[in-house]
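Asker: Just protein-v8.txt, nothing more (compact mmCIF, C-alpha atoms):
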```
# COMPACT_ATOMS: atom_id res chain seq x y z
CA MET N 21 49.68 77.92 -23.39
CA TYR N 22 45.90 78.08 -23.79
CA GLY N 23 43.26 80.38 -22.36
CA VAL N 24 39.84 81.85 -23.04
CA LYS N 25 38.44 85.11 -21.70
CA GLU N 26 35.66 83.26 -19.85
CA ALA N 27 38.31 81.51 -17.72
CA LEU N 28 39.85 84.83 -16.58
CA SER N 29 43.24 83.11 -16.67
CA LEU N 30 45.16 80.41 -18.47
CA ILE N 31 43.74 76.93 -18.79
CA SER N 32 47.03 75.24 -19.55
CA PHE N 33 50.67 76.25 -19.45
CA GLU N 34 53.88 74.69 -20.75
CA TYR N 35 56.55 74.92 -18.07
CA TYR N 36 60.02 76.03 -19.19
CA ASN N 37 61.64 72.67 -18.45
CA LYS N 38 59.19 70.68 -20.59
CA LYS N 39 59.70 70.45 -24.32
CA ASN N 40 56.40 69.14 -25.65
CA ILE N 41 56.02 71.43 -28.66
CA TYR N 42 52.71 69.85 -29.75
CA SER N 43 50.87 70.42 -26.49
CA GLU N 44 49.26 73.62 -25.23
CA GLY N 45 50.75 72.65 -21.88
CA GLU N 46 49.68 71.05 -18.63
CA ILE N 47 46.16 71.75 -17.43
CA LEU N 48 46.21 74.01 -14.39
CA GLU N 49 45.28 72.36 -11.10
CA ASN N 50 42.38 74.67 -10.21
CA LEU N 51 40.37 73.78 -13.33
CA ASP N 52 38.20 70.85 -14.33
CA VAL N 53 38.89 70.38 -18.04
CA LYS N 54 37.17 67.62 -20.00
CA ILE N 55 36.63 66.52 -23.55
CA TYR N 56 32.92 66.60 -24.39
CA GLU N 57 31.60 63.78 -26.57
CA PRO N 58 35.01 62.48 -27.71
CA ASN N 59 35.19 60.62 -31.02
CA SER N 60 37.05 57.33 -31.52
CA LEU N 61 40.39 59.20 -31.47
CA GLY N 62 39.51 60.94 -28.21
CA TYR N 63 38.96 64.30 -29.94
CA GLY N 64 36.03 66.41 -28.77
CA GLU N 65 35.03 69.84 -27.61
CA ILE N 66 37.09 71.23 -24.73
CA ILE N 67 34.87 72.15 -21.76
CA ILE N 68 36.00 73.83 -18.55
CA LYS N 69 34.74 74.54 -15.06
CA GLY N 70 36.41 76.05 -12.02
CA ASP N 71 36.60 78.97 -9.63
CA SER N 72 38.21 81.21 -12.24
CA VAL N 73 35.61 80.40 -14.92
CA THR N 74 32.69 82.79 -15.19
CA ARG N 75 29.29 81.20 -14.65
CA CYS N 76 27.30 83.37 -17.05
CA TYR N 77 27.32 86.35 -19.39
CA TYR N 78 26.13 89.51 -17.66
CA ASN N 79 22.58 90.39 -18.75
CA ASP N 80 22.63 87.86 -21.59
CA VAL N 81 20.58 84.79 -20.70
CA GLN N 82 20.53 83.45 -24.28
CA LYS N 83 24.32 83.59 -24.71
CA THR N 84 24.72 81.93 -21.30
CA LYS N 85 22.39 79.07 -22.29
CA GLU N 86 24.36 78.56 -25.52
CA ALA N 87 27.79 78.53 -23.85
CA PHE N 88 27.22 76.74 -20.52
CA ASP N 89 25.71 73.32 -19.94
CA TYR N 90 23.43 72.36 -17.05
CA LYS N 91 26.46 71.16 -15.01
CA GLY N 92 28.11 74.59 -15.29
CA TYR N 93 30.79 73.67 -17.83
CA TYR N 94 31.78 76.33 -20.32
CA HIS N 95 31.92 74.96 -23.89
CA THR N 96 34.95 76.55 -25.60
CA LYS N 97 34.04 75.47 -29.15
CA ASP N 98 37.66 74.36 -29.53
CA ILE N 99 38.36 70.74 -30.46
CA GLY N 100 41.15 68.86 -28.73
CA TYR N 101 42.18 65.99 -26.55
CA ILE N 102 43.92 65.40 -23.23
CA LYS N 103 46.89 63.07 -22.77
CA ASP N 104 48.94 62.81 -19.56
CA ASN N 105 47.24 65.99 -18.23
CA ASN N 106 48.45 67.91 -21.31
CA LEU N 107 45.95 69.69 -23.53
CA TYR N 108 46.17 69.38 -27.31
CA ILE N 109 44.09 71.53 -29.67
CA VAL N 110 43.32 70.22 -33.14
CA GLY N 111 40.62 72.59 -34.41
CA SER N 112 37.51 74.57 -33.70
CA THR N 113 33.77 74.22 -34.21
CA VAL N 114 33.66 77.93 -35.08
CA ARG N 115 34.73 79.59 -38.30
CA LYS N 116 37.37 82.18 -37.59
CA ILE N 117 39.60 84.52 -39.51
CA VAL N 118 43.07 85.32 -38.19
CA LEU N 119 44.35 88.55 -39.71
CA ASP N 120 48.03 89.26 -40.40
CA ASP N 121 48.16 91.56 -37.35
CA GLY N 122 46.94 88.73 -35.09
CA ASN N 123 43.36 89.98 -34.66
CA VAL N 124 40.80 87.18 -34.71
CA ILE N 125 37.40 87.65 -36.34
CA TYR N 126 34.49 85.27 -35.92
CA PRO N 127 32.40 85.81 -39.07
CA GLN N 128 29.25 84.68 -37.27
CA GLU N 129 29.40 87.81 -35.07
CA ILE N 130 29.31 90.09 -38.10
CA GLU N 131 26.67 87.93 -39.80
CA GLU N 132 24.40 88.15 -36.73
CA ILE N 133 24.62 91.95 -36.69
CA MET N 134 23.80 92.02 -40.40
CA GLN N 135 20.87 89.59 -39.99
CA ASP N 136 19.52 91.69 -37.10
CA THR N 137 18.92 94.53 -39.60
CA LYS N 138 16.25 92.32 -41.23
CA LYS N 139 17.41 93.65 -44.63
CA PHE N 140 19.12 90.50 -45.88
CA LEU N 141 17.75 87.08 -46.76
CA ASN N 142 21.20 85.56 -46.38
CA VAL N 143 24.70 86.78 -45.50
CA ASN N 144 28.15 85.22 -45.59
CA VAL N 145 31.30 86.92 -44.30
CA PHE N 146 34.85 85.96 -45.23
CA GLU N 147 38.30 87.51 -45.71
CA LYS N 148 40.36 87.83 -48.87
CA ASN N 149 43.71 89.63 -49.07
CA GLY N 150 43.11 91.33 -45.71
CA VAL N 151 39.66 92.68 -46.68
CA ILE N 152 36.48 91.60 -44.90
CA ILE N 153 33.92 90.74 -47.57
CA SER N 154 30.23 89.99 -47.25
CA ASN N 155 28.02 88.23 -49.75
CA VAL N 156 24.41 89.29 -49.27
CA VAL N 157 21.11 88.19 -50.72
CA THR N 158 18.62 91.06 -50.63
CA GLU N 159 16.00 93.00 -52.52
CA LEU N 160 17.76 96.29 -51.71
CA ASP N 161 19.60 98.28 -54.33
CA GLU N 162 23.33 99.01 -54.05
CA LYS N 163 22.87 102.42 -52.36
CA GLN N 164 20.51 100.93 -49.76
CA VAL N 165 22.94 98.07 -49.07
CA ASP N 166 25.79 100.59 -48.67
CA ASP N 167 23.68 102.50 -46.11
CA VAL N 168 22.98 99.32 -44.12
CA ILE N 169 26.65 98.28 -44.24
CA TYR N 170 27.61 101.76 -43.00
CA GLU N 171 25.31 101.25 -39.99
CA VAL N 172 26.69 97.74 -39.38
CA ASN N 173 30.28 99.01 -39.57
CA GLN N 174 29.48 101.64 -36.93
CA LYS N 175 28.95 98.76 -34.47
CA LEU N 176 32.24 97.01 -35.32
CA PRO N 177 35.86 97.67 -34.33
CA ASP N 178 38.02 98.90 -37.21
CA TYR N 179 39.67 95.52 -37.87
CA MET N 180 36.22 93.88 -38.33
CA LYS N 181 34.65 96.45 -40.64
CA ILE N 182 33.22 95.18 -43.92
CA GLY N 183 35.31 96.49 -46.80
CA LYS N 184 33.45 95.00 -49.74
CA VAL N 185 29.94 93.67 -50.41
CA ASN N 186 28.80 91.33 -53.16
CA ILE N 187 25.05 91.66 -53.77
CA LYS N 188 22.70 89.03 -55.13
CA LYS N 189 19.22 90.41 -55.79
CA ARG N 190 16.21 88.42 -54.63
CA LYS N 191 12.78 89.33 -53.29
CA LEU N 192 12.44 88.96 -49.53
CA LYS N 193 9.45 86.94 -48.38
```
Please express what this file holds, its structure, as structure tokens.

Answerer:
Amino acid sequence: MYGVKEALSLISFEYYNKKNIYSEGEILENLDVKIYEPNSLGYGEIIIKGDSVTRCYYNDVQKTKEAFDYKGYYHTKDIGYIKDNNLYIVGSTVRKIVLDDGNVIYPQEIEEIMQDTKKFLNVNVFEKNGVIISNVVTELDEKQVDDVIYEVNQKLPDYMKIGKVNIKKRKLK
């Protein structure tokens, strides 16, 4: 079974009488699912289009341009292939953290919020032992960084909050 929120439903489903444990299931009939720029093995980014797939992000032109191509296909950022109308996923073009409780964190989302503060030259977010950690390059002192992180954490759900910060001092240009 495979789905993305932009599709408003499943993209593929493994029927009970089929036993293909490696597949995400058969692609649903109402969707146009393709592999974008497949490599020599047939692996590429999974793209989708159909009546149940949103056509844009509400009030977010930039995000829409990044996620949808000129033909209206949504680019999932997941890597896979299609064989006999079954969808197989082999990876992702996006870094992601899957927590023990099943929550998924995309570090880039946190990094973008941190970069939007204009207080950091560089940021990198990762997880270690269930704690979200950020490495930052900044000219701020520890107290100032703590204040910025507090503001960033106010914008994040609890499971995404930054629990530790490693600071590397450098003058901002």

Asker: Considering all atoms listed in the file, can you say which of N:Ile47, N:Val143, N:Ile152, N:Ile182 comes closest to Asp104 in chain N?

Answerer: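 Ranking N:Ile47, N:Val143, N:Ile152, N:Ile182 by distance to Asp104 in chain N, first place goes to N:Ile47.
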
Asker: Pick out the residues sitting within 6 Å of Glu46 in chain N, and hand them over as a ChimeraX atom specification; count only C-alpha atoms, and ignore anything fewer than 6 positions along from it in its own chain.

Answerer: /N:32-34,105-106

Asker: As an exercise, work out the distance from CA of Ile109 in chain N to CA of Glu129 in chain N in Å and give it to one decimal place.

Answerer: 22.6 Å

Asker: Would you mind listing, for every residue of range 64-131 of chain N within 12 Å of range 158-177 of chain N, the two atoms forming the shortest contact and the distance between them in Å to one decimal, using all atoms listed in the file, sorted by chain and ascending residue number, as a tab-separated table?

Answerer:
```
residue	atom	partner	partner_atom	distance
N:Asn123	CA	N:Pro177	CA	10.7
N:Val124	CA	N:Pro177	CA	11.6
N:Ile125	CA	N:Pro177	CA	10.3
N:Tyr126	CA	N:Leu176	CA	12.0
N:Pro127	CA	N:Leu176	CA	11.8
N:Glu129	CA	N:Leu176	CA	9.6
N:Ile130	CA	N:Leu176	CA	8.0
N:Glu131	CA	N:Val172	CA	9.8
```

Asker: Would you please work out which residue, of N:Val145, N:Leu51, N:Leu30, N:Ile133, is nearest to Lys116 in chain N when using only C-alpha atoms?

Answerer: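 Nearest candidate to Lys116 in chain N out of N:Val145, N:Leu51, N:Leu30, N:Ile133: N:Val145.
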
Asker: Report, in Å with one decimal, the straight-line distance from CA of Asn155 in chain N to CA of Asp121 in chain N.

Answerer: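 About the pair CA of Asn155 in chain N and CA of Asp121 in chain N: they are 23.9 Å apart.
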
Asker: So which one's closest to Gly62 in chain N, N:Ile102, N:Val24, N:Leu48, N:Ile31? Using all atoms listed in the file, please.

Answerer: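 Checking each of N:Ile102, N:Val24, N:Leu48, N:Ile31 against Gly62 in chain N, counting all atoms listed in the file, the winner is N:Ile102.
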
Asker: Could you jot down the CA of Lys184 in chain N to CA of Ser154 in chain N separation for me, Å, one decimal place?

Answerer: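 Separation of CA of Lys184 in chain N and CA of Ser154 in chain N: 6.5 Å.
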
Asker: Pick the closest to Val118 in chain N from N:Thr137, N:Met180, N:Asp98, N:Asp80: which is it, counting all atoms listed in the file?

Answerer: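 Selected residue with least distance to Val118 in chain N: N:Met180.
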
Asker: For a quick check of understanding, using all atoms listed in the file, which of N:Asn142, N:Thr84, N:Thr96, N:Ser43 has the smallest distance to Tyr108 in chain N?

Answerer: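 Nearest to Tyr108 in chain N: N:Ser43.
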
Asker: Nearest to Lys97 in chain N: which of N:Ile68, N:Cys76, N:Leu141, N:Ile117 is it, counting only C-alpha atoms?

Answerer: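 Among the listed residues, N:Ile68 lies closest to Lys97 in chain N.
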
Asker: Would you mind completing range 75-102 of chain N so that it carries N, CA and C atoms, and writing it out as an mmCIF file, keeping the file's coordinate frame?

Answerer:
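Final output, saved to part-v4.cif:
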```cif
data_model
loop_
_atom_site.group_PDB
_atom_site.id
_atom_site.type_symbol
_atom_site.label_atom_id
_atom_site.label_comp_id
_atom_site.auth_asym_id
_atom_site.auth_seq_id
_atom_site.Cartn_x
_atom_site.Cartn_y
_atom_site.Cartn_z
ATOM 1 N N ARG N 75 30.439 82.111 -14.653
ATOM 2 C CA ARG N 75 29.290 81.200 -14.650
ATOM 3 C C ARG N 75 28.180 81.652 -15.599
ATOM 4 N N CYS N 76 28.327 82.859 -16.143
ATOM 5 C CA CYS N 76 27.300 83.370 -17.050
ATOM 6 C C CYS N 76 27.828 84.613 -17.758
ATOM 7 N N TYR N 77 27.050 85.069 -18.744
ATOM 8 C CA TYR N 77 27.320 86.350 -19.390
ATOM 9 C C TYR N 77 26.368 87.366 -18.779
ATOM 10 N N TYR N 78 26.917 88.479 -18.336
ATOM 11 C CA TYR N 78 26.130 89.510 -17.660
ATOM 12 C C TYR N 78 25.001 89.995 -18.564
ATOM 13 N N ASN N 79 23.791 89.916 -18.055
ATOM 14 C CA ASN N 79 22.580 90.390 -18.750
ATOM 15 C C ASN N 79 22.366 89.751 -20.118
ATOM 16 N N ASP N 80 22.827 88.532 -20.300
ATOM 17 C CA ASP N 80 22.630 87.860 -21.590
ATOM 18 C C ASP N 80 22.301 86.385 -21.343
ATOM 19 N N VAL N 81 21.041 86.141 -21.034
ATOM 20 C CA VAL N 81 20.580 84.790 -20.700
ATOM 21 C C VAL N 81 20.745 83.842 -21.891
ATOM 22 N N GLN N 82 20.435 84.307 -23.092
ATOM 23 C CA GLN N 82 20.530 83.450 -24.280
ATOM 24 C C GLN N 82 21.962 82.996 -24.533
ATOM 25 N N LYS N 83 22.909 83.937 -24.482
ATOM 26 C CA LYS N 83 24.320 83.590 -24.710
ATOM 27 C C LYS N 83 24.811 82.629 -23.627
ATOM 28 N N THR N 84 24.348 82.817 -22.401
ATOM 29 C CA THR N 84 24.720 81.930 -21.300
ATOM 30 C C THR N 84 24.210 80.514 -21.567
ATOM 31 N N LYS N 85 22.960 80.391 -22.000
ATOM 32 C CA LYS N 85 22.390 79.070 -22.290
ATOM 33 C C LYS N 85 23.147 78.362 -23.412
ATOM 34 N N GLU N 86 23.629 79.136 -24.392
ATOM 35 C CA GLU N 86 24.360 78.560 -25.520
ATOM 36 C C GLU N 86 25.768 78.113 -25.130
ATOM 37 N N ALA N 87 26.382 78.784 -24.164
ATOM 38 C CA ALA N 87 27.790 78.530 -23.850
ATOM 39 C C ALA N 87 28.014 77.607 -22.657
ATOM 40 N N PHE N 88 27.049 77.512 -21.744
ATOM 41 C CA PHE N 88 27.220 76.740 -20.520
ATOM 42 C C PHE N 88 26.195 75.619 -20.460
ATOM 43 N N ASP N 89 26.662 74.416 -20.068
ATOM 44 C CA ASP N 89 25.710 73.320 -19.940
ATOM 45 C C ASP N 89 25.092 73.310 -18.544
ATOM 46 N N TYR N 90 24.170 72.397 -18.315
ATOM 47 C CA TYR N 90 23.430 72.360 -17.050
ATOM 48 C C TYR N 90 24.323 72.024 -15.851
ATOM 49 N N LYS N 91 25.519 71.461 -16.097
ATOM 50 C CA LYS N 91 26.460 71.160 -15.010
ATOM 51 C C LYS N 91 27.400 72.326 -14.723
ATOM 52 N N GLY N 92 27.279 73.405 -15.498
ATOM 53 C CA GLY N 92 28.110 74.590 -15.290
ATOM 54 C C GLY N 92 29.400 74.618 -16.085
ATOM 55 N N TYR N 93 29.582 73.678 -16.996
ATOM 56 C CA TYR N 93 30.790 73.670 -17.830
ATOM 57 C C TYR N 93 30.649 74.689 -18.958
ATOM 58 N N TYR N 94 31.730 75.422 -19.198
ATOM 59 C CA TYR N 94 31.780 76.330 -20.320
ATOM 60 C C TYR N 94 32.282 75.553 -21.539
ATOM 61 N N HIS N 95 31.548 75.637 -22.642
ATOM 62 C CA HIS N 95 31.920 74.960 -23.890
ATOM 63 C C HIS N 95 32.731 75.934 -24.735
ATOM 64 N N THR N 96 34.017 75.625 -24.940
ATOM 65 C CA THR N 96 34.950 76.550 -25.600
ATOM 66 C C THR N 96 34.783 76.613 -27.107
ATOM 67 N N LYS N 97 34.158 75.608 -27.697
ATOM 68 C CA LYS N 97 34.040 75.470 -29.150
ATOM 69 C C LYS N 97 35.361 75.105 -29.817
ATOM 70 N N ASP N 98 36.390 74.845 -29.015
ATOM 71 C CA ASP N 98 37.660 74.360 -29.530
ATOM 72 C C ASP N 98 37.677 72.842 -29.431
ATOM 73 N N ILE N 99 38.281 72.201 -30.418
ATOM 74 C CA ILE N 99 38.360 70.740 -30.460
ATOM 75 C C ILE N 99 39.767 70.320 -30.054
ATOM 76 N N GLY N 100 39.839 69.326 -29.178
ATOM 77 C CA GLY N 100 41.150 68.860 -28.730
ATOM 78 C C GLY N 100 41.052 67.531 -28.016
ATOM 79 N N TYR N 101 42.143 67.195 -27.368
ATOM 80 C CA TYR N 101 42.180 65.990 -26.550
ATOM 81 C C TYR N 101 43.156 66.199 -25.406
ATOM 82 N N ILE N 102 43.056 65.330 -24.407
ATOM 83 C CA ILE N 102 43.920 65.400 -23.230
ATOM 84 C C ILE N 102 44.714 64.102 -23.145
#
```
